[in-house]
Amino acid sequence: MPLITLTTDFGDLYPAAMKAVIFGLVPQAQIVDISHSIPQAGVREGAFALYSTAPYFPPKTVHVAVIDPGVGTSRRALAIKAGASEKAQFFVGPDNGLLLPAARRLGASQIEVYEIKNRTLMLAGISRTFHGRYLFAPVGARLLSGVPIEKVGPEISDFKDLDFGNFGIDGDFLFGEVLFVDSFGNLITNIPGEVVLELWAFGTELEINGRKLPFIQTYGLAEAGKPLALIGSHGFLEFAVNQGNAARIFKFKNGTQVELKGLK
Amino acid sequence: MPLITLTTDFGDLYPAAMKAVIFGLVPQAQIVDISHSIPQAGVREGAFALYSTAPYFPPKTVHVAVIDPGVGTSRRALAIKAGASEKAQFFVGPDNGLLLPAARRLGASQIEVYEIKNRTLMLAGISRTFHGRYLFAPVGARLLSGVPIEKVGPEISDFKDLDFGNFGIDGDFLFGEVLFVDSFGNLITNIPGEVVLELWAFGTELEINGRKLPFIQTYGLAEAGKPLALIGSHGFLEFAVNQGNAARIFKFKNGTQVELKGLK
Amino acid sequence: MPLITLTTDFGDLYPAAMKAVIFGLVPQAQIVDISHSIPQAGVREGAFALYSTAPYFPPKTVHVAVIDPGVGTSRRALAIKAGASEKAQFFVGPDNGLLLPAARRLGASQIEVYEIKNRTLMLAGISRTFHGRYLFAPVGARLLSGVPIEKVGPEISDFKDLDFGNFGIDGDFLFGEVLFVDSFGNLITNIPGEVVLELWAFGTELEINGRKLPFIQTYGLAEAGKPLALIGSHGFLEFAVNQGNAARIFKFKNGTQVELKGLK
């Protein structure tokens, strides 16, 4: 069954119009909502959601992502093939970096990026405000139905890129930043778990921006209501409060700089 | 694949019970949630959501909509066929006007409205509080599986109607009202885009309830955080704040009266 | 078509990773979200959501439920078969009582409970923080694809149980507690409708914690904005405000003790 995902900052209503278009073109599609609650214009948060989830999807999945503050301006539209042919997944969305971390994670050196220019693959009429419905959903559906990606337009190399920000060691400290706040209020940083585990073992106490936390393996090893640091399911260092909301208690948010040191 | 949509003010949990019933009757159904976040008892908002989205669905789609403050009282239940036979879509819901704007948009003069009375199409037992599960979902699923609409009950002509409120020119002003506030906080009015475009061209400055806004073609042509007026993807005049929340900033809500004049 | 449901406190993003795993194993699956908005660590609320919805699903449905504050600790993972063979439904989730009320409702005396120990049914690698993706989704998908439940591990009888709390008659009063607050703010108690109907007929006035309410058959029989008591669609006594939010107005929440007496 052809599988297509949607990742947007649309909230309600607009995703249904995209699904209408997809089912009109590929009636047997399986559609998965990755998220429609990405913060408005939160390109990096959307990129993280896609990066974090795409690897669990089977080959040939098409991912349509629309966090697109530049809709209707001169920004380009992209389609990406990531990975070797039979294992490849596809990404469709605006040229603002949104698709790149996920595509690179899946495709490593095997990424092909195309600019979408072929108007025959889009809906009739032109919309300058809702490319999700008019452009990205139909192009995603065409890829899903087997249209070769080369048909969307020319291959390009000057697409916009995006990374998850700096992290590293600075004197005594390991530094990085909060990359994503999840629905539990867990604070996911941009510091890969393996970087942390080279420095400290589980069971260590860490100090994060002056706040002491145990570095442990899972939420339930802390008492209910107590903060902790762990390597979360995304593979990054994460701060959490067991059965509580770390974002609210720490007053950290997306982009908050963090500095860590080990205490024992 | 048979395609059915759901539009409710149910929020969480109750939509799943409707889907259980639908899959029990039509295991291969494709189900699309249009919205389950319509404001409670917001018949007009629900009617707008359906009106705005239904045209993008393929022929034969069945739309079940339940914003139903009169559930269990004497209000009637309706099934509507809209459009010429092979192109028709179907609507199922309470007789409070909810279905009419969408049905008229699709069917124009070709609308047939039936009162649902055939209890053999409903679930066994009677519920006076959850017709979504007991009545509308199973009747929708029967239509989806090919039961002729005439089987639901008698054709009627005295159904309740609903429109999107008055708009027009009053002296110097174009007036109308806010019809729907979307997840971005964009303020969608009941004034059709073509009415605005007969008066003013893109690039004009407009004054809306004393507030000056540029009338432009898309969100991203305003600076981030700045307000604008545009013809949105619904086809109506819309007020927005680029990457911001116009409802919060303007303090407008559903039903707010608006008066516009062109300044240059 | 194989039908699988998801009930979690995950909010956004994480359900998509579970769906990715399910579609990877059972491409033709039909997935229904029962809820992803169960209060964090709200095992009893999740149990109620499942209990209330599962009976409407067809035989062979697999229900995966993950409200799991003990993830990654020593708590066990369960798979349950409820009901006679051709009519049975399946439940997969943590051993914290979450699955039991629904399983008992469907299976009565015919419940088989298994501890999930067979690692070949899980994803490769081990996660201590996201058993939804690593363990419960793949085991649910295997059951969906026909793997016999005995393959998951040994049958056990010392699983954790859970009930919906005490209710009954105490002198003049019928007492119970609020079990679930739905998206409308309706207050669903743990008092079965038939217990109430043995004491009082519709049309009676009740006094609930000092507040007088009419006991009527449906929301719309009260004036808009007025409180009422009814037997809701879940089959329990429920307090509501017609077109309003009873939880906000009454200031009751999950666990609030209630005492009722009939006034006429």
# chains A, B, ... in the order shown; residues from 1 in each chain; ligands from 1
>>> select_by_dssp(residues="range 21-260 of chain C", states="alpha helix (DSSP H)", output="VMD selection string")
chain C and resid 21 to 25 43 to 53 100 to 107 131 137 to 144 193 to 199 246 to 250
>>> interface_residues(of="chain B", to="chain A", cutoff="9 Å", atoms="only C-alpha atoms", output="NGL selection string")
:B and (1-3 or 5 or 30 or 32-37 or 49 or 52-59 or 182-184 or 217-221 or 224 or 231-233 or 242-244)
>>> write_last_selection(atoms="N, CA and C atoms", output="compact mmCIF listing (two decimals), in the first residue's frame")
# COMPACT_ATOMS: atom_id res chain seq x y z
N MET B 1 -11.64 3.08 -3.53
CA MET B 1 -11.84 2.92 -2.08
C MET B 1 -12.92 3.89 -1.62
N PRO B 2 -13.86 3.42 -0.81
CA PRO B 2 -14.92 4.30 -0.32
C PRO B 2 -14.37 5.30 0.69
N LEU B 3 -14.70 6.58 0.49
CA LEU B 3 -14.11 7.67 1.26
C LEU B 3 -15.19 8.39 2.07
N THR B 5 -15.82 11.31 5.38
CA THR B 5 -15.20 12.32 6.22
C THR B 5 -16.04 12.56 7.48
N GLN B 30 -11.87 4.54 3.70
CA GLN B 30 -10.85 5.55 3.98
C GLN B 30 -11.57 6.66 4.74
N VAL B 32 -11.39 10.42 6.59
CA VAL B 32 -10.65 11.68 6.76
C VAL B 32 -11.34 12.52 7.84
N ASP B 33 -10.58 12.93 8.84
CA ASP B 33 -11.08 13.89 9.82
C ASP B 33 -10.97 15.29 9.25
N ILE B 34 -12.09 15.93 8.95
CA ILE B 34 -12.02 17.34 8.53
C ILE B 34 -11.71 18.20 9.73
N SER B 35 -12.48 18.06 10.79
CA SER B 35 -12.15 18.72 12.04
C SER B 35 -12.96 18.08 13.15
N HIS B 36 -12.35 17.98 14.33
CA HIS B 36 -13.10 17.66 15.54
C HIS B 36 -12.98 18.78 16.56
N SER B 37 -12.53 19.93 16.11
CA SER B 37 -12.29 21.09 16.98
C SER B 37 -13.18 22.26 16.63
N ALA B 49 -16.46 24.92 7.65
CA ALA B 49 -15.38 23.94 7.49
C ALA B 49 -15.73 22.95 6.37
N SER B 52 -15.83 24.66 2.91
CA SER B 52 -14.50 25.04 2.43
C SER B 52 -13.70 23.83 1.94
N THR B 53 -13.98 22.65 2.48
CA THR B 53 -13.14 21.48 2.23
C THR B 53 -13.78 20.50 1.25
N ALA B 54 -15.10 20.37 1.28
CA ALA B 54 -15.78 19.33 0.49
C ALA B 54 -15.45 19.36 -1.00
N PRO B 55 -15.29 20.56 -1.62
CA PRO B 55 -15.06 20.56 -3.07
C PRO B 55 -13.79 19.85 -3.51
N TYR B 56 -12.84 19.63 -2.59
CA TYR B 56 -11.59 18.98 -2.97
C TYR B 56 -11.67 17.46 -2.90
N PHE B 57 -12.77 16.95 -2.39
CA PHE B 57 -12.93 15.49 -2.31
C PHE B 57 -13.48 14.93 -3.62
N PRO B 58 -13.15 13.67 -3.91
CA PRO B 58 -13.63 13.06 -5.15
C PRO B 58 -15.13 12.73 -5.08
N PRO B 59 -15.74 12.48 -6.25
CA PRO B 59 -17.15 12.08 -6.30
C PRO B 59 -17.40 10.87 -5.40
N ASP B 182 -9.18 30.52 11.98
CA ASP B 182 -8.49 29.25 11.78
C ASP B 182 -7.39 29.02 12.83
N SER B 183 -6.69 27.90 12.72
CA SER B 183 -5.69 27.53 13.74
C SER B 183 -4.52 28.51 13.82
N PHE B 184 -4.30 29.27 12.76
CA PHE B 184 -3.25 30.30 12.77
C PHE B 184 -3.74 31.59 13.44
N GLN B 217 -1.05 39.79 -1.75
CA GLN B 217 -1.45 38.49 -2.31
C GLN B 217 -1.13 37.29 -1.45
N THR B 218 -0.17 37.44 -0.53
CA THR B 218 0.12 36.32 0.34
C THR B 218 0.80 36.81 1.62
N TYR B 219 0.76 35.96 2.62
CA TYR B 219 1.24 36.29 3.96
C TYR B 219 2.67 36.80 3.96
N GLY B 220 3.55 36.09 3.23
CA GLY B 220 4.99 36.35 3.29
C GLY B 220 5.40 37.66 2.63
N LEU B 221 4.45 38.35 1.97
CA LEU B 221 4.76 39.67 1.41
C LEU B 221 4.69 40.76 2.47
N ALA B 224 7.38 39.86 8.91
CA ALA B 224 6.98 39.01 10.04
C ALA B 224 6.41 39.88 11.15
N ILE B 231 -6.91 37.67 -0.09
CA ILE B 231 -7.94 36.70 -0.44
C ILE B 231 -7.34 35.34 -0.12
N GLY B 232 -7.82 34.70 0.92
CA GLY B 232 -7.21 33.45 1.39
C GLY B 232 -7.63 32.26 0.55
N SER B 233 -7.15 31.11 0.95
CA SER B 233 -7.39 29.90 0.16
C SER B 233 -8.85 29.47 0.16
N ASN B 242 1.44 38.13 9.48
CA ASN B 242 2.45 37.21 8.98
C ASN B 242 3.23 36.60 10.15
N GLN B 243 3.17 35.27 10.24
CA GLN B 243 3.82 34.52 11.32
C GLN B 243 3.31 34.92 12.71
N GLY B 244 2.09 35.45 12.75
CA GLY B 244 1.50 35.82 14.03
C GLY B 244 0.03 35.44 14.06
>>> residues_around(residues="Gly83 in chain B", least_positions_apart="3", cutoff="10 Å", atoms="only C-alpha atoms", output="VMD selection string")
chain B and resid 59 to 60 80 86 to 90 103 to 112
>>> write_last_selection(atoms="N, CA, C and O atoms", output="tab-separated table (two decimals), in the first residue's frame")
chain	number	residue	atom	x	y	z
B	59	PRO	N	-15.74	12.48	-6.25
B	59	PRO	CA	-17.15	12.08	-6.30
B	59	PRO	C	-17.40	10.87	-5.40
B	59	PRO	O	-16.49	10.06	-5.19
B	60	LYS	N	-18.60	10.76	-4.90
B	60	LYS	CA	-19.08	9.65	-4.07
B	60	LYS	C	-18.62	9.73	-2.62
B	60	LYS	O	-19.01	8.89	-1.81
B	80	ILE	N	-28.24	14.00	2.45
B	80	ILE	CA	-28.35	14.84	1.26
B	80	ILE	C	-27.47	14.28	0.14
B	80	ILE	O	-26.34	13.87	0.39
B	86	GLU	N	-23.12	10.56	-11.17
B	86	GLU	CA	-21.78	9.97	-11.05
B	86	GLU	C	-20.84	10.89	-10.29
B	86	GLU	O	-19.79	10.46	-9.81
B	87	LYS	N	-21.17	12.16	-10.22
B	87	LYS	CA	-20.30	13.13	-9.56
B	87	LYS	C	-20.79	13.47	-8.15
B	87	LYS	O	-20.17	14.25	-7.45
B	88	ALA	N	-21.91	12.93	-7.74
B	88	ALA	CA	-22.53	13.35	-6.48
B	88	ALA	C	-21.67	13.02	-5.27
B	88	ALA	O	-20.95	12.02	-5.24
B	89	GLN	N	-21.73	13.88	-4.27
B	89	GLN	CA	-21.23	13.58	-2.93
B	89	GLN	C	-22.44	13.56	-2.00
B	89	GLN	O	-23.52	14.05	-2.33
B	90	PHE	N	-22.23	12.98	-0.82
B	90	PHE	CA	-23.34	12.79	0.12
B	90	PHE	C	-23.01	13.45	1.46
B	90	PHE	O	-21.83	13.52	1.85
B	103	ALA	N	-23.46	21.44	0.63
B	103	ALA	CA	-24.27	20.72	-0.35
B	103	ALA	C	-24.63	21.62	-1.52
B	103	ALA	O	-24.53	21.22	-2.70
B	104	ARG	N	-25.01	22.86	-1.23
B	104	ARG	CA	-25.35	23.80	-2.31
B	104	ARG	C	-24.14	24.11	-3.17
B	104	ARG	O	-24.25	24.26	-4.38
B	105	ARG	N	-22.98	24.25	-2.53
B	105	ARG	CA	-21.77	24.56	-3.30
B	105	ARG	C	-21.47	23.44	-4.30
B	105	ARG	O	-21.06	23.71	-5.43
B	106	LEU	N	-21.68	22.21	-3.90
B	106	LEU	CA	-21.38	21.08	-4.78
B	106	LEU	C	-22.51	20.78	-5.75
B	106	LEU	O	-22.27	20.36	-6.88
B	107	GLY	N	-23.72	20.95	-5.28
B	107	GLY	CA	-24.84	20.44	-6.06
B	107	GLY	C	-25.61	21.50	-6.81
B	107	GLY	O	-26.40	21.17	-7.69
B	108	ALA	N	-25.41	22.75	-6.46
B	108	ALA	CA	-26.20	23.85	-7.05
B	108	ALA	C	-27.67	23.47	-7.03
B	108	ALA	O	-28.22	23.21	-5.97
B	109	SER	N	-28.29	23.38	-8.18
B	109	SER	CA	-29.73	23.07	-8.21
B	109	SER	C	-29.99	21.59	-7.98
B	109	SER	O	-31.12	21.19	-7.75
B	110	GLN	N	-28.94	20.76	-8.03
B	110	GLN	CA	-29.17	19.31	-7.92
B	110	GLN	C	-28.96	18.79	-6.51
B	110	GLN	O	-28.05	18.01	-6.24
B	111	ILE	N	-29.79	19.25	-5.59
B	111	ILE	CA	-29.72	18.77	-4.22
B	111	ILE	C	-30.99	17.99	-3.90
B	111	ILE	O	-32.09	18.48	-4.14
B	112	GLU	N	-30.81	16.81	-3.34
B	112	GLU	CA	-31.96	16.06	-2.82
B	112	GLU	C	-31.75	15.88	-1.33
B	112	GLU	O	-30.70	15.41	-0.90
>>> residues_around(residues="Glu45 in chain B", least_positions_apart="4", cutoff="12 Å", atoms="only C-alpha atoms", output="VMD selection string")
(chain A and resid 13) or (chain B and resid 7 to 9 35 to 41 49 to 52 65 to 67 97 to 99 101 to 102 162 to 165 178 to 182 188 to 190 253 to 255)
>>> atom_distance(atom1="CA of Arg248 in chain C", atom2="CA of Gly225 in chain C")
12.2 Å
>>> closest_residue(among="C:Gly262, C:Gly46, C:Gly146, C:Pro214", to="Leu174 in chain C", atoms="only C-alpha atoms")
C:Gly262
>>> atom_distance(atom1="CA of Glu205 in chain B", atom2="CA of Pro192 in chain B")
18.1 Å
>>> atom_distance(atom1="CA of Phe175 in chain C", atom2="CA of Gln257 in chain C")
7.4 Å
>>> closest_residue(among="B:Phe173, B:Phe215, B:Ile156, B:Glu198", to="Leu260 in chain B", atoms="only C-alpha atoms")
B:Phe173
>>> residues_around(residues="Val113 in chain A", least_positions_apart="6", cutoff="9 Å", atoms="only C-alpha atoms", output="JSON, numbers by chain")
{"A": [78, 79, 80, 81, 82, 154, 155, 156, 157, 159]}
>>> write_last_selection(atoms="C-alpha atoms", output="short mmCIF file (atom, residue, chain, number, x, y, z; two decimals), in the first residue's frame")
data_model
loop_
_atom_site.label_atom_id
_atom_site.label_comp_id
_atom_site.auth_asym_id
_atom_site.auth_seq_id
_atom_site.Cartn_x
_atom_site.Cartn_y
_atom_site.Cartn_z
CA LEU A 78 11.54 20.79 -3.70
CA ALA A 79 11.23 17.05 -4.15
CA ILE A 80 14.01 14.89 -2.76
CA LYS A 81 14.90 11.25 -3.22
CA ALA A 82 16.92 9.91 -0.29
CA PRO A 154 15.48 20.05 -12.83
CA GLU A 155 17.92 18.56 -10.34
CA ILE A 156 19.55 21.35 -8.33
CA SER A 157 22.41 21.68 -5.85
CA PHE A 159 19.00 24.32 -2.17
#
>>> closest_residue(among="C:Val62, C:Leu263, C:Val152, C:Ala247", to="Leu206 in chain C", atoms="only C-alpha atoms")
C:Leu263
>>> residues_around(residues="Leu228 in chain B", least_positions_apart="2", cutoff="7 Å", atoms="only C-alpha atoms", output="PyMOL selection string")
chain B and resi 213-216+222+226+230+239-241
>>> write_last_selection(atoms="N, CA, C and O atoms", output="short mmCIF file (atom, residue, chain, number, x, y, z; two decimals), in the first residue's frame")
data_model
loop_
_atom_site.label_atom_id
_atom_site.label_comp_id
_atom_site.auth_asym_id
_atom_site.auth_seq_id
_atom_site.Cartn_x
_atom_site.Cartn_y
_atom_site.Cartn_z
N LEU B 213 -4.28 48.41 6.81
CA LEU B 213 -3.60 47.18 6.42
C LEU B 213 -3.29 47.22 4.94
O LEU B 213 -4.11 47.69 4.17
N PRO B 214 -2.18 46.65 4.53
CA PRO B 214 -1.98 46.46 3.09
C PRO B 214 -2.82 45.28 2.59
O PRO B 214 -2.96 44.28 3.29
N PHE B 215 -3.38 45.43 1.40
CA PHE B 215 -4.14 44.34 0.75
C PHE B 215 -3.18 43.70 -0.26
O PHE B 215 -2.87 44.28 -1.29
N ILE B 216 -2.66 42.53 0.09
CA ILE B 216 -1.60 41.90 -0.71
C ILE B 216 -1.94 40.45 -1.02
O ILE B 216 -2.98 39.95 -0.61
N ALA B 222 4.14 40.47 3.63
CA ALA B 222 4.21 41.39 4.77
C ALA B 222 5.44 41.00 5.60
O ALA B 222 5.90 39.87 5.55
N LYS B 226 3.63 41.61 10.99
CA LYS B 226 2.80 42.71 10.48
C LYS B 226 1.46 42.20 9.95
O LYS B 226 1.40 41.14 9.31
N LEU B 230 -5.88 39.78 2.71
CA LEU B 230 -5.64 39.02 1.48
C LEU B 230 -6.90 38.25 1.11
O LEU B 230 -7.86 38.20 1.87
N PHE B 239 -8.12 38.47 7.13
CA PHE B 239 -7.11 39.30 7.79
C PHE B 239 -6.15 38.38 8.52
O PHE B 239 -6.56 37.41 9.15
N ALA B 240 -4.86 38.72 8.45
CA ALA B 240 -3.85 37.84 9.04
C ALA B 240 -2.71 38.69 9.56
O ALA B 240 -2.60 39.89 9.27
N VAL B 241 -1.85 38.07 10.34
CA VAL B 241 -0.58 38.67 10.74
C VAL B 241 0.50 37.69 10.29
O VAL B 241 0.44 36.51 10.67
#
>>> closest_residue(among="B:Leu135, B:Pro148, B:Phe167, B:Gly235", to="Gly193 in chain B", atoms="only C-alpha atoms")
B:Gly235
>>> select_by_dssp(residues="range 164-223 of chain C", states="strand (DSSP E or B)", output="PyMOL selection string")
chain C and resi 168-170+173-181+187-192+205-208+211-215
>>> closest_residue(among="B:Glu150, B:Asp161, B:Glu223, B:Glu177", to="Ile208 in chain B", atoms="only C-alpha atoms")
B:Glu177
